[in-house]
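Novice: Following this message is one structure expressed as structure tokens.
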Amino acid sequence: MKNRISELLSEIQRFEAESKDHIEDFRLKYLSKKGVIPSLFNDFKQVLPEDRKEMGILLNELKQKAQEMLDIQQTRFAGVKEEKAQIDSSLPPKKMTGGRHPISLVRRDINSIFERLGFKIAEGPEIEDDFHNFTALNFPEEHPARDMQDTFFISKSPDVALRTHTSSVQVRVMEQGKLPIRIIAPGRVFRNEAISARAHCIFHQIEGLYIDKDVSFADLKQTLYFFAREFFGPEIKIRFRPSYFPFTETSAEMDVSCNICGGKGCNICKYSGWVEILGCGMVDPNVLEACGIDSNVYSGYAFGMGIERITMMKYQINDLRLFFENDLRFLKQFEQLV
Ligand code: DAH
């Protein structure tokens, strides 16, 4: 019993309450009728007569210490309450809202540039079927992008997957058949990639689509040039390189002059002076037809850009993972940008 008492004594002395509930737990455990200390008093009856005096003293001491500790902790928390009561609730609040995430800032800026040109924002589902994500976009049956390595499938036959690009929204809008079309579609996309500084399994894209009579590649170029100047500033240069996408013919990729080194060459642009920011092209007639649009009457252009890439360029961020970790040290750097 002596050992038990000294164990309890040190336990009690170490006690530090974290809340009022915590203090009540303490009282229940040690001092309530069924608590540890009263039950020791019960056991006291079995203590040998010659040990009774010593045990009695120790037990009473233990009880007293527990009571003292309870009092101390209760006063501590009573104090807290008083302090709280002194808060002046009529004062104007401190800034309680957080800042915007850099991806949201850039998405909003891009949206607003295209909105000024008359583009409307469109949305589509993040969970897509094979038709909208691939087939209608003219992906051949055996195209590697359909492979399990890139796509997160939810079910097989019928194929349902997380969309791998926002180009699926093109199909959804075209299917509605309201022409002409002038939309941008921002959203999250998903790919089965190993996470690294340069790749992630979730990222954001903005898709653009313009369908009307007599739309030409010159219209596409001029629109994207306007975008680049508005977004990066009047000094920016752009260039187009031929490329391939199943859903566009002609296809191109657009580079902008590196805004970090001004085109002189640095590690961001890999010393080329240029950074690729988007893919684009004239909508392939097969895509128009798959969506019920007469390709003899209508033509159009499309483009798609990754928001992360553009944000990294704009704010000189060198690791993609920072966007998804919600580390306040990173996010707070954007707090002032509203
Ligand atoms: N969907 C393409 C991708 O995820 C990007 C893209 C390229 C979109 C060319 C387009 C386009 O609309 O015309 O890599």
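Chain labels run A, B, ... following the order of the structure tokens; each chain numbers its residues from 1, and ligands are numbered from 1 in the order shown.
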Let me see if you get this right: every residue at most 10 Å from ligand 1, counting only C-alpha atoms and all ligand atoms, written as a ChimeraX atom specification.
Specialist: /A:133,137,145,163-170,184,189-191,204-209,243-254,278-284,301-306
Novice: Run DSSP on the backbone and tell me which residues of segment 112-205 of chain A come out as strand (DSSP E or B); list them as a list in words.
Specialist: Lys120, Ile121, Ile127, Glu128, Asp129, Phe153, Ile154, Ser155, Val160, Ala161, Leu162, Ile181, Arg182, Ile183, Ile184, Ala185, Pro186, Gly187, Arg188, Val189, Phe190, Ile202, Phe203, His204 and Gln205 of chain A
Novice: Find the residues around segment 25-33 of chain A up to 8 Å (only C-alpha atoms counted), leave out those fewer than 2 positions away in its own chain, and share them as a short mmCIF file (atom, residue, chain, number, x, y, z; two decimals) with all heavy atoms, in the first residue's frame.
Specialist:
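As written to disk, result.cif reads:
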```cif
data_model
loop_
_atom_site.label_atom_id
_atom_site.label_comp_id
_atom_site.auth_asym_id
_atom_site.auth_seq_id
_atom_site.Cartn_x
_atom_site.Cartn_y
_atom_site.Cartn_z
N ASP A 21 -13.01 20.28 -18.16
CA ASP A 21 -13.40 18.86 -18.19
C ASP A 21 -12.30 17.98 -17.62
O ASP A 21 -12.54 16.99 -16.94
CB ASP A 21 -13.68 18.42 -19.64
CG ASP A 21 -14.98 19.00 -20.15
OD1 ASP A 21 -15.72 19.56 -19.32
OD2 ASP A 21 -15.23 18.91 -21.37
N HIS A 22 -11.11 18.39 -17.95
CA HIS A 22 -9.94 17.64 -17.49
C HIS A 22 -9.86 17.66 -15.95
O HIS A 22 -9.54 16.66 -15.31
CB HIS A 22 -8.71 18.31 -18.13
CG HIS A 22 -7.49 17.46 -18.17
ND1 HIS A 22 -6.27 17.94 -18.54
CD2 HIS A 22 -7.30 16.17 -17.88
CE1 HIS A 22 -5.38 16.99 -18.47
NE2 HIS A 22 -5.98 15.88 -18.08
N ILE A 23 -10.22 18.80 -15.35
CA ILE A 23 -10.21 18.92 -13.88
C ILE A 23 -11.28 18.01 -13.28
O ILE A 23 -11.05 17.32 -12.29
CB ILE A 23 -10.50 20.38 -13.45
CG1 ILE A 23 -9.43 21.30 -14.04
CG2 ILE A 23 -10.56 20.50 -11.93
CD1 ILE A 23 -9.62 22.77 -13.71
N GLY A 35 -13.77 6.87 -6.24
CA GLY A 35 -12.43 7.21 -6.71
C GLY A 35 -11.33 6.39 -6.04
O GLY A 35 -11.59 5.60 -5.11
N VAL A 36 -10.12 6.59 -6.49
CA VAL A 36 -8.98 5.79 -6.04
C VAL A 36 -8.69 5.99 -4.55
O VAL A 36 -8.44 5.03 -3.81
CB VAL A 36 -7.72 6.18 -6.86
CG1 VAL A 36 -6.54 5.33 -6.46
CG2 VAL A 36 -7.98 6.07 -8.34
N ILE A 37 -8.77 7.24 -4.09
CA ILE A 37 -8.37 7.50 -2.69
C ILE A 37 -9.40 6.94 -1.69
O ILE A 37 -9.04 6.19 -0.78
CB ILE A 37 -8.07 9.00 -2.48
CG1 ILE A 37 -6.87 9.38 -3.37
CG2 ILE A 37 -7.77 9.30 -1.01
CD1 ILE A 37 -6.48 10.83 -3.36
N PRO A 38 -10.71 7.22 -1.89
CA PRO A 38 -11.67 6.57 -0.99
C PRO A 38 -11.54 5.05 -0.98
O PRO A 38 -11.71 4.41 0.06
CB PRO A 38 -13.02 7.01 -1.52
CG PRO A 38 -12.74 8.33 -2.16
CD PRO A 38 -11.37 8.20 -2.75
N LYS A 63 -4.71 12.39 0.40
CA LYS A 63 -6.02 12.98 0.16
C LYS A 63 -5.94 14.51 0.15
O LYS A 63 -6.51 15.19 -0.71
CB LYS A 63 -6.99 12.52 1.25
CG LYS A 63 -8.41 12.97 0.99
CD LYS A 63 -9.35 12.45 2.04
CE LYS A 63 -10.72 13.07 1.83
NZ LYS A 63 -11.60 12.76 2.95
N ALA A 66 -4.32 15.80 -3.02
CA ALA A 66 -5.23 15.73 -4.16
C ALA A 66 -6.23 16.87 -4.10
O ALA A 66 -6.52 17.53 -5.10
CB ALA A 66 -5.96 14.39 -4.17
N GLN A 67 -6.71 17.13 -2.90
CA GLN A 67 -7.67 18.22 -2.74
C GLN A 67 -7.03 19.57 -3.09
O GLN A 67 -7.62 20.39 -3.80
CB GLN A 67 -8.19 18.22 -1.28
CG GLN A 67 -9.37 19.18 -1.07
CD GLN A 67 -10.59 18.84 -1.95
OE1 GLN A 67 -11.04 17.70 -1.98
NE2 GLN A 67 -11.08 19.82 -2.71
N LEU A 70 -6.63 19.93 -6.78
CA LEU A 70 -7.93 20.23 -7.38
C LEU A 70 -8.24 21.73 -7.24
O LEU A 70 -8.63 22.40 -8.21
CB LEU A 70 -9.01 19.39 -6.69
CG LEU A 70 -10.40 19.47 -7.30
CD1 LEU A 70 -10.41 18.84 -8.69
CD2 LEU A 70 -11.41 18.74 -6.42
#
```
Novice: Quick one: residues within 10 Å of segment 146-160 of chain A, only C-alpha atoms, excluding same-chain residues fewer than 3 positions away - as a PyMOL selection string?
Specialist: chain A and resi 127-131+133-135+139-143+163-164+190-193+201
Novice: Create the file for the chosen residues now, containing N, CA and C atoms and written as a PDB file, in the first residue's frame.
Specialist:
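Saved the output as part-v9.pdb:
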```pdb
ATOM      1  N   ILE A 127     -15.511  13.530 -62.649  1.00  0.00           N
ATOM      2  CA  ILE A 127     -15.595  12.096 -62.970  1.00  0.00           C
ATOM      3  C   ILE A 127     -16.213  12.001 -64.362  1.00  0.00           C
ATOM      4  N   GLU A 128     -15.485  11.416 -65.283  1.00  0.00           N
ATOM      5  CA  GLU A 128     -15.902  11.445 -66.679  1.00  0.00           C
ATOM      6  C   GLU A 128     -15.986  10.037 -67.264  1.00  0.00           C
ATOM      7  N   ASP A 129     -16.738   9.929 -68.361  1.00  0.00           N
ATOM      8  CA  ASP A 129     -16.734   8.653 -69.070  1.00  0.00           C
ATOM      9  C   ASP A 129     -15.738   8.723 -70.226  1.00  0.00           C
ATOM     10  N   ASP A 130     -15.491   7.561 -70.765  1.00  0.00           N
ATOM     11  CA  ASP A 130     -14.503   7.438 -71.834  1.00  0.00           C
ATOM     12  C   ASP A 130     -14.857   8.319 -73.027  1.00  0.00           C
ATOM     13  N   PHE A 131     -16.142   8.430 -73.336  1.00  0.00           N
ATOM     14  CA  PHE A 131     -16.556   9.201 -74.507  1.00  0.00           C
ATOM     15  C   PHE A 131     -16.116  10.658 -74.399  1.00  0.00           C
ATOM     16  N   ASN A 133     -13.954  12.076 -72.243  1.00  0.00           N
ATOM     17  CA  ASN A 133     -12.530  12.323 -71.973  1.00  0.00           C
ATOM     18  C   ASN A 133     -11.638  11.935 -73.148  1.00  0.00           C
ATOM     19  N   PHE A 134     -12.067  10.896 -73.918  1.00  0.00           N
ATOM     20  CA  PHE A 134     -11.184  10.396 -74.983  1.00  0.00           C
ATOM     21  C   PHE A 134     -11.861  10.283 -76.354  1.00  0.00           C
ATOM     22  N   THR A 135     -12.898   9.453 -76.440  1.00  0.00           N
ATOM     23  CA  THR A 135     -13.407   9.064 -77.755  1.00  0.00           C
ATOM     24  C   THR A 135     -13.847  10.256 -78.605  1.00  0.00           C
ATOM     25  N   PHE A 139      -9.298  10.427 -79.746  1.00  0.00           N
ATOM     26  CA  PHE A 139      -8.176   9.588 -79.298  1.00  0.00           C
ATOM     27  C   PHE A 139      -8.344   8.206 -79.906  1.00  0.00           C
ATOM     28  N   PRO A 140      -7.350   7.725 -80.651  1.00  0.00           N
ATOM     29  CA  PRO A 140      -7.463   6.372 -81.184  1.00  0.00           C
ATOM     30  C   PRO A 140      -7.588   5.353 -80.040  1.00  0.00           C
ATOM     31  N   GLU A 141      -8.238   4.259 -80.349  1.00  0.00           N
ATOM     32  CA  GLU A 141      -8.498   3.196 -79.375  1.00  0.00           C
ATOM     33  C   GLU A 141      -7.254   2.836 -78.548  1.00  0.00           C
ATOM     34  N   GLU A 142      -6.118   2.740 -79.239  1.00  0.00           N
ATOM     35  CA  GLU A 142      -4.907   2.254 -78.543  1.00  0.00           C
ATOM     36  C   GLU A 142      -3.977   3.391 -78.089  1.00  0.00           C
ATOM     37  N   HIS A 143      -4.517   4.624 -78.024  1.00  0.00           N
ATOM     38  CA  HIS A 143      -3.674   5.769 -77.640  1.00  0.00           C
ATOM     39  C   HIS A 143      -3.124   5.591 -76.214  1.00  0.00           C
ATOM     40  N   ARG A 163     -11.227  12.741 -64.860  1.00  0.00           N
ATOM     41  CA  ARG A 163     -10.837  13.348 -66.133  1.00  0.00           C
ATOM     42  C   ARG A 163      -9.334  13.655 -66.120  1.00  0.00           C
ATOM     43  N   THR A 164      -8.708  13.430 -67.246  1.00  0.00           N
ATOM     44  CA  THR A 164      -7.263  13.659 -67.330  1.00  0.00           C
ATOM     45  C   THR A 164      -6.952  15.042 -67.870  1.00  0.00           C
ATOM     46  N   PHE A 190      -6.698  15.016 -63.238  1.00  0.00           N
ATOM     47  CA  PHE A 190      -6.059  13.957 -62.448  1.00  0.00           C
ATOM     48  C   PHE A 190      -5.258  13.029 -63.346  1.00  0.00           C
ATOM     49  N   ARG A 191      -4.041  12.743 -62.951  1.00  0.00           N
ATOM     50  CA  ARG A 191      -3.250  11.768 -63.712  1.00  0.00           C
ATOM     51  C   ARG A 191      -2.433  10.913 -62.775  1.00  0.00           C
ATOM     52  N   ASN A 192      -2.290   9.684 -63.183  1.00  0.00           N
ATOM     53  CA  ASN A 192      -1.585   8.731 -62.337  1.00  0.00           C
ATOM     54  C   ASN A 192      -0.067   8.899 -62.479  1.00  0.00           C
ATOM     55  N   GLU A 193       0.437   9.964 -61.897  1.00  0.00           N
ATOM     56  CA  GLU A 193       1.862  10.295 -62.029  1.00  0.00           C
ATOM     57  C   GLU A 193       2.520  10.189 -60.661  1.00  0.00           C
ATOM     58  N   CYS A 201      -0.276  14.312 -59.142  1.00  0.00           N
ATOM     59  CA  CYS A 201      -1.398  13.537 -59.656  1.00  0.00           C
ATOM     60  C   CYS A 201      -2.677  14.375 -59.739  1.00  0.00           C
TER      61      CYS A 201
END
```
Novice: Could you pull the residues within 12 Å of Gln336 of chain A, counting only C-alpha atoms, minus those fewer than 3 positions along the same chain, as a list in words?
Specialist: Lys95, Thr97, Gly98, Gly99, Arg100, His101, Pro102, Leu105, Leu331, Lys332 and Gln333 of chain A
Novice: For Ala290 of chain A, list every protein, DNA or RNA residue within 9 Å, evaluated using only C-alpha atoms, and leave out those in the same chain fewer than 5 positions away; present the list as a VMD selection string.
Specialist: chain A and resid 135 to 138 171 175 285
Novice: Can those selected residues be exported to a file as a PDB file, in the first residue's frame so that it contains all heavy atoms?
Specialist:
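The result, stored in out-v5.pdb:
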```
ATOM      1  N   THR A 135     -12.898   9.453 -76.440  1.00  0.00           N
ATOM      2  CA  THR A 135     -13.407   9.064 -77.755  1.00  0.00           C
ATOM      3  C   THR A 135     -13.847  10.256 -78.605  1.00  0.00           C
ATOM      4  O   THR A 135     -13.412  10.398 -79.751  1.00  0.00           O
ATOM      5  CB  THR A 135     -14.581   8.067 -77.608  1.00  0.00           C
ATOM      6  OG1 THR A 135     -14.105   6.982 -76.824  1.00  0.00           O
ATOM      7  CG2 THR A 135     -15.056   7.549 -78.957  1.00  0.00           C
ATOM      8  N   ALA A 136     -14.658  11.130 -78.010  1.00  0.00           N
ATOM      9  CA  ALA A 136     -15.151  12.268 -78.787  1.00  0.00           C
ATOM     10  C   ALA A 136     -14.013  13.210 -79.163  1.00  0.00           C
ATOM     11  O   ALA A 136     -14.128  13.988 -80.104  1.00  0.00           O
ATOM     12  CB  ALA A 136     -16.218  13.017 -77.988  1.00  0.00           C
ATOM     13  N   LEU A 137     -12.913  13.123 -78.416  1.00  0.00           N
ATOM     14  CA  LEU A 137     -11.766  13.996 -78.702  1.00  0.00           C
ATOM     15  C   LEU A 137     -10.784  13.335 -79.668  1.00  0.00           C
ATOM     16  O   LEU A 137      -9.628  13.744 -79.772  1.00  0.00           O
ATOM     17  CB  LEU A 137     -11.068  14.395 -77.399  1.00  0.00           C
ATOM     18  CG  LEU A 137     -11.881  15.368 -76.529  1.00  0.00           C
ATOM     19  CD1 LEU A 137     -11.336  15.418 -75.114  1.00  0.00           C
ATOM     20  CD2 LEU A 137     -11.884  16.772 -77.136  1.00  0.00           C
ATOM     21  N   ASN A 138     -11.275  12.276 -80.340  1.00  0.00           N
ATOM     22  CA  ASN A 138     -10.509  11.696 -81.440  1.00  0.00           C
ATOM     23  C   ASN A 138      -9.258  10.937 -80.983  1.00  0.00           C
ATOM     24  O   ASN A 138      -8.282  10.865 -81.718  1.00  0.00           O
ATOM     25  CB  ASN A 138     -10.114  12.845 -82.409  1.00  0.00           C
ATOM     26  CG  ASN A 138      -9.797  12.349 -83.789  1.00  0.00           C
ATOM     27  OD1 ASN A 138     -10.352  11.341 -84.238  1.00  0.00           O
ATOM     28  ND2 ASN A 138      -8.892  13.034 -84.478  1.00  0.00           N
ATOM     29  N   VAL A 171     -16.290  18.944 -75.080  1.00  0.00           N
ATOM     30  CA  VAL A 171     -17.269  18.010 -75.635  1.00  0.00           C
ATOM     31  C   VAL A 171     -18.639  18.271 -75.026  1.00  0.00           C
ATOM     32  O   VAL A 171     -19.659  18.331 -75.722  1.00  0.00           O
ATOM     33  CB  VAL A 171     -16.828  16.548 -75.380  1.00  0.00           C
ATOM     34  CG1 VAL A 171     -17.829  15.565 -75.958  1.00  0.00           C
ATOM     35  CG2 VAL A 171     -15.432  16.314 -75.934  1.00  0.00           C
ATOM     36  N   GLU A 175     -21.816  19.429 -77.294  1.00  0.00           N
ATOM     37  CA  GLU A 175     -22.992  18.551 -77.359  1.00  0.00           C
ATOM     38  C   GLU A 175     -24.300  19.306 -77.173  1.00  0.00           C
ATOM     39  O   GLU A 175     -25.330  18.900 -77.705  1.00  0.00           O
ATOM     40  CB  GLU A 175     -22.916  17.529 -76.208  1.00  0.00           C
ATOM     41  CG  GLU A 175     -22.181  16.280 -76.525  1.00  0.00           C
ATOM     42  CD  GLU A 175     -22.111  15.411 -75.273  1.00  0.00           C
ATOM     43  OE1 GLU A 175     -22.288  15.907 -74.147  1.00  0.00           O
ATOM     44  OE2 GLU A 175     -21.870  14.215 -75.441  1.00  0.00           O
ATOM     45  N   PRO A 285     -12.003  18.362 -87.366  1.00  0.00           N
ATOM     46  CA  PRO A 285     -13.388  18.139 -87.836  1.00  0.00           C
ATOM     47  C   PRO A 285     -14.014  16.878 -87.246  1.00  0.00           C
ATOM     48  O   PRO A 285     -15.235  16.847 -86.984  1.00  0.00           O
ATOM     49  CB  PRO A 285     -13.227  18.002 -89.356  1.00  0.00           C
ATOM     50  CG  PRO A 285     -11.951  18.714 -89.680  1.00  0.00           C
ATOM     51  CD  PRO A 285     -11.068  18.602 -88.467  1.00  0.00           C
TER      52      PRO A 285
END
```
Novice: Mind listing the alpha helix (DSSP H) residues of segment 79-205 of chain A, per DSSP on the backbone, as an NGL selection string?
Specialist: :A and (79-85 or 102-116 or 130-133 or 167-176)
Novice: Keeping only N, CA, C and O atoms, write the selected residues to a file as a short mmCIF file (atom, residue, chain, number, x, y, z; two decimals), in the first residue's frame.
Specialist:
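Below you can see out_37.cif, which holds the result:
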```cif
data_model
loop_
_atom_site.label_atom_id
_atom_site.label_comp_id
_atom_site.auth_asym_id
_atom_site.auth_seq_id
_atom_site.Cartn_x
_atom_site.Cartn_y
_atom_site.Cartn_z
N GLY A 79 -9.73 31.79 -13.36
CA GLY A 79 -9.03 32.98 -13.85
C GLY A 79 -9.21 33.14 -15.34
O GLY A 79 -9.50 34.22 -15.83
N VAL A 80 -9.08 32.05 -16.06
CA VAL A 80 -9.21 32.09 -17.52
C VAL A 80 -10.56 32.67 -17.91
O VAL A 80 -10.67 33.50 -18.79
N LYS A 81 -11.55 32.22 -17.16
CA LYS A 81 -12.90 32.68 -17.49
C LYS A 81 -13.02 34.19 -17.28
O LYS A 81 -13.58 34.91 -18.09
N GLU A 82 -12.43 34.63 -16.20
CA GLU A 82 -12.50 36.07 -15.93
C GLU A 82 -11.86 36.87 -17.06
O GLU A 82 -12.41 37.84 -17.53
N GLU A 83 -10.67 36.40 -17.47
CA GLU A 83 -9.99 37.10 -18.56
C GLU A 83 -10.86 37.17 -19.79
O GLU A 83 -10.99 38.20 -20.41
N LYS A 84 -11.48 36.05 -20.10
CA LYS A 84 -12.33 36.01 -21.29
C LYS A 84 -13.45 37.03 -21.19
O LYS A 84 -13.77 37.72 -22.13
N ALA A 85 -14.00 37.11 -20.00
CA ALA A 85 -15.12 38.01 -19.81
C ALA A 85 -14.72 39.47 -20.04
O ALA A 85 -15.54 40.30 -20.34
N PRO A 102 -2.36 30.83 -54.32
CA PRO A 102 -1.82 31.34 -55.58
C PRO A 102 -2.49 30.77 -56.82
O PRO A 102 -2.67 31.48 -57.82
N ILE A 103 -2.92 29.52 -56.75
CA ILE A 103 -3.61 28.94 -57.92
C ILE A 103 -4.93 29.67 -58.15
O ILE A 103 -5.31 29.95 -59.28
N SER A 104 -5.63 29.99 -57.07
CA SER A 104 -6.89 30.72 -57.23
C SER A 104 -6.65 32.12 -57.79
O SER A 104 -7.45 32.60 -58.61
N LEU A 105 -5.58 32.75 -57.33
CA LEU A 105 -5.28 34.10 -57.84
C LEU A 105 -5.05 34.06 -59.35
O LEU A 105 -5.62 34.86 -60.09
N VAL A 106 -4.23 33.12 -59.78
CA VAL A 106 -3.89 33.07 -61.20
C VAL A 106 -5.09 32.62 -62.03
O VAL A 106 -5.36 33.18 -63.10
N ARG A 107 -5.85 31.66 -61.51
CA ARG A 107 -7.05 31.23 -62.24
C ARG A 107 -8.00 32.40 -62.44
O ARG A 107 -8.51 32.63 -63.53
N ARG A 108 -8.17 33.18 -61.39
CA ARG A 108 -9.06 34.34 -61.50
C ARG A 108 -8.54 35.35 -62.53
O ARG A 108 -9.29 35.88 -63.34
N ASP A 109 -7.22 35.60 -62.50
CA ASP A 109 -6.65 36.56 -63.47
C ASP A 109 -6.83 36.07 -64.90
O ASP A 109 -7.18 36.85 -65.79
N ILE A 110 -6.58 34.78 -65.11
CA ILE A 110 -6.72 34.25 -66.48
C ILE A 110 -8.19 34.34 -66.91
O ILE A 110 -8.51 34.80 -68.00
N ASN A 111 -9.08 33.90 -66.02
CA ASN A 111 -10.51 33.97 -66.35
C ASN A 111 -10.90 35.38 -66.76
O ASN A 111 -11.61 35.58 -67.75
N SER A 112 -10.43 36.35 -65.99
CA SER A 112 -10.94 37.70 -66.24
C SER A 112 -10.41 38.24 -67.57
O SER A 112 -11.11 38.99 -68.26
N ILE A 113 -9.21 37.84 -67.97
CA ILE A 113 -8.71 38.30 -69.28
C ILE A 113 -9.60 37.75 -70.40
O ILE A 113 -10.02 38.48 -71.29
N PHE A 114 -9.92 36.47 -70.30
CA PHE A 114 -10.76 35.88 -71.37
C PHE A 114 -12.21 36.37 -71.29
O PHE A 114 -12.87 36.52 -72.31
N GLU A 115 -12.66 36.63 -70.09
CA GLU A 115 -14.03 37.15 -69.98
C GLU A 115 -14.16 38.49 -70.68
O GLU A 115 -15.19 38.80 -71.28
N ARG A 116 -13.09 39.29 -70.61
CA ARG A 116 -13.13 40.59 -71.29
C ARG A 116 -13.24 40.42 -72.81
O ARG A 116 -13.69 41.30 -73.51
N ASP A 130 -15.49 7.56 -70.76
CA ASP A 130 -14.50 7.44 -71.83
C ASP A 130 -14.86 8.32 -73.03
O ASP A 130 -13.99 8.94 -73.64
N PHE A 131 -16.14 8.43 -73.34
CA PHE A 131 -16.56 9.20 -74.51
C PHE A 131 -16.12 10.66 -74.40
O PHE A 131 -15.51 11.21 -75.30
N HIS A 132 -16.41 11.29 -73.26
CA HIS A 132 -16.11 12.72 -73.13
C HIS A 132 -14.63 13.00 -72.92
O HIS A 132 -14.13 14.04 -73.32
N ASN A 133 -13.95 12.08 -72.24
CA ASN A 133 -12.53 12.32 -71.97
C ASN A 133 -11.64 11.94 -73.15
O ASN A 133 -10.60 12.56 -73.38
N SER A 167 -10.22 19.25 -71.45
CA SER A 167 -10.75 19.18 -72.82
C SER A 167 -12.10 18.47 -72.85
O SER A 167 -12.90 18.67 -73.78
N SER A 168 -12.37 17.64 -71.84
CA SER A 168 -13.66 16.95 -71.78
C SER A 168 -14.82 17.96 -71.72
O SER A 168 -15.92 17.68 -72.19
N VAL A 169 -14.56 19.13 -71.15
CA VAL A 169 -15.62 20.14 -71.05
C VAL A 169 -15.99 20.68 -72.44
O VAL A 169 -17.15 21.01 -72.71
N GLN A 170 -15.00 20.73 -73.34
CA GLN A 170 -15.29 21.10 -74.74
C GLN A 170 -16.44 20.26 -75.28
O GLN A 170 -17.39 20.76 -75.87
N VAL A 171 -16.29 18.94 -75.08
CA VAL A 171 -17.27 18.01 -75.64
C VAL A 171 -18.64 18.27 -75.03
O VAL A 171 -19.66 18.33 -75.72
N ARG A 172 -18.65 18.45 -73.70
CA ARG A 172 -19.93 18.67 -73.01
C ARG A 172 -20.63 19.92 -73.54
O ARG A 172 -21.85 19.94 -73.69
N VAL A 173 -19.85 20.97 -73.80
CA VAL A 173 -20.46 22.22 -74.27
C VAL A 173 -20.92 22.07 -75.72
O VAL A 173 -22.03 22.46 -76.08
N MET A 174 -20.07 21.46 -76.56
CA MET A 174 -20.44 21.30 -77.97
C MET A 174 -21.70 20.46 -78.13
O MET A 174 -22.55 20.77 -78.95
N GLU A 175 -21.82 19.43 -77.29
CA GLU A 175 -22.99 18.55 -77.36
C GLU A 175 -24.30 19.31 -77.17
O GLU A 175 -25.33 18.90 -77.71
N GLN A 176 -24.23 20.38 -76.39
CA GLN A 176 -25.46 21.14 -76.14
C GLN A 176 -25.97 21.81 -77.42
O GLN A 176 -27.13 22.21 -77.51
#
```
Novice: Near Arg321 of chain A, counting only C-alpha atoms, which residues have an atom at most 7 Å away, once you skip same-chain residues fewer than 4 positions from it, shown as a PyMOL selection string?
Specialist: chain A and resi 196-197+325
Novice: Could you write out the selected residues, including all heavy atoms, as a tab-separated table (two decimals), in the first residue's frame?
Specialist:
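Dumped to part.tsv:
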```tsv
chain	number	residue	atom	x	y	z
A	196	SER	N	6.36	14.65	-57.77
A	196	SER	CA	7.72	15.18	-57.68
A	196	SER	C	7.64	16.70	-57.75
A	196	SER	O	6.55	17.26	-57.78
A	196	SER	CB	8.56	14.65	-58.84
A	196	SER	OG	8.16	15.28	-60.03
A	197	ALA	N	8.79	17.35	-57.83
A	197	ALA	CA	8.80	18.82	-57.91
A	197	ALA	C	8.15	19.30	-59.21
A	197	ALA	O	7.68	20.42	-59.30
A	197	ALA	CB	10.23	19.34	-57.81
A	325	GLU	N	0.45	21.33	-50.30
A	325	GLU	CA	0.80	20.96	-48.93
A	325	GLU	C	0.15	21.85	-47.88
A	325	GLU	O	0.15	21.53	-46.70
A	325	GLU	CB	2.32	20.97	-48.77
A	325	GLU	CG	2.94	19.74	-49.43
A	325	GLU	CD	4.44	19.87	-49.62
A	325	GLU	OE1	4.99	20.96	-49.37
A	325	GLU	OE2	5.05	18.87	-50.03
```
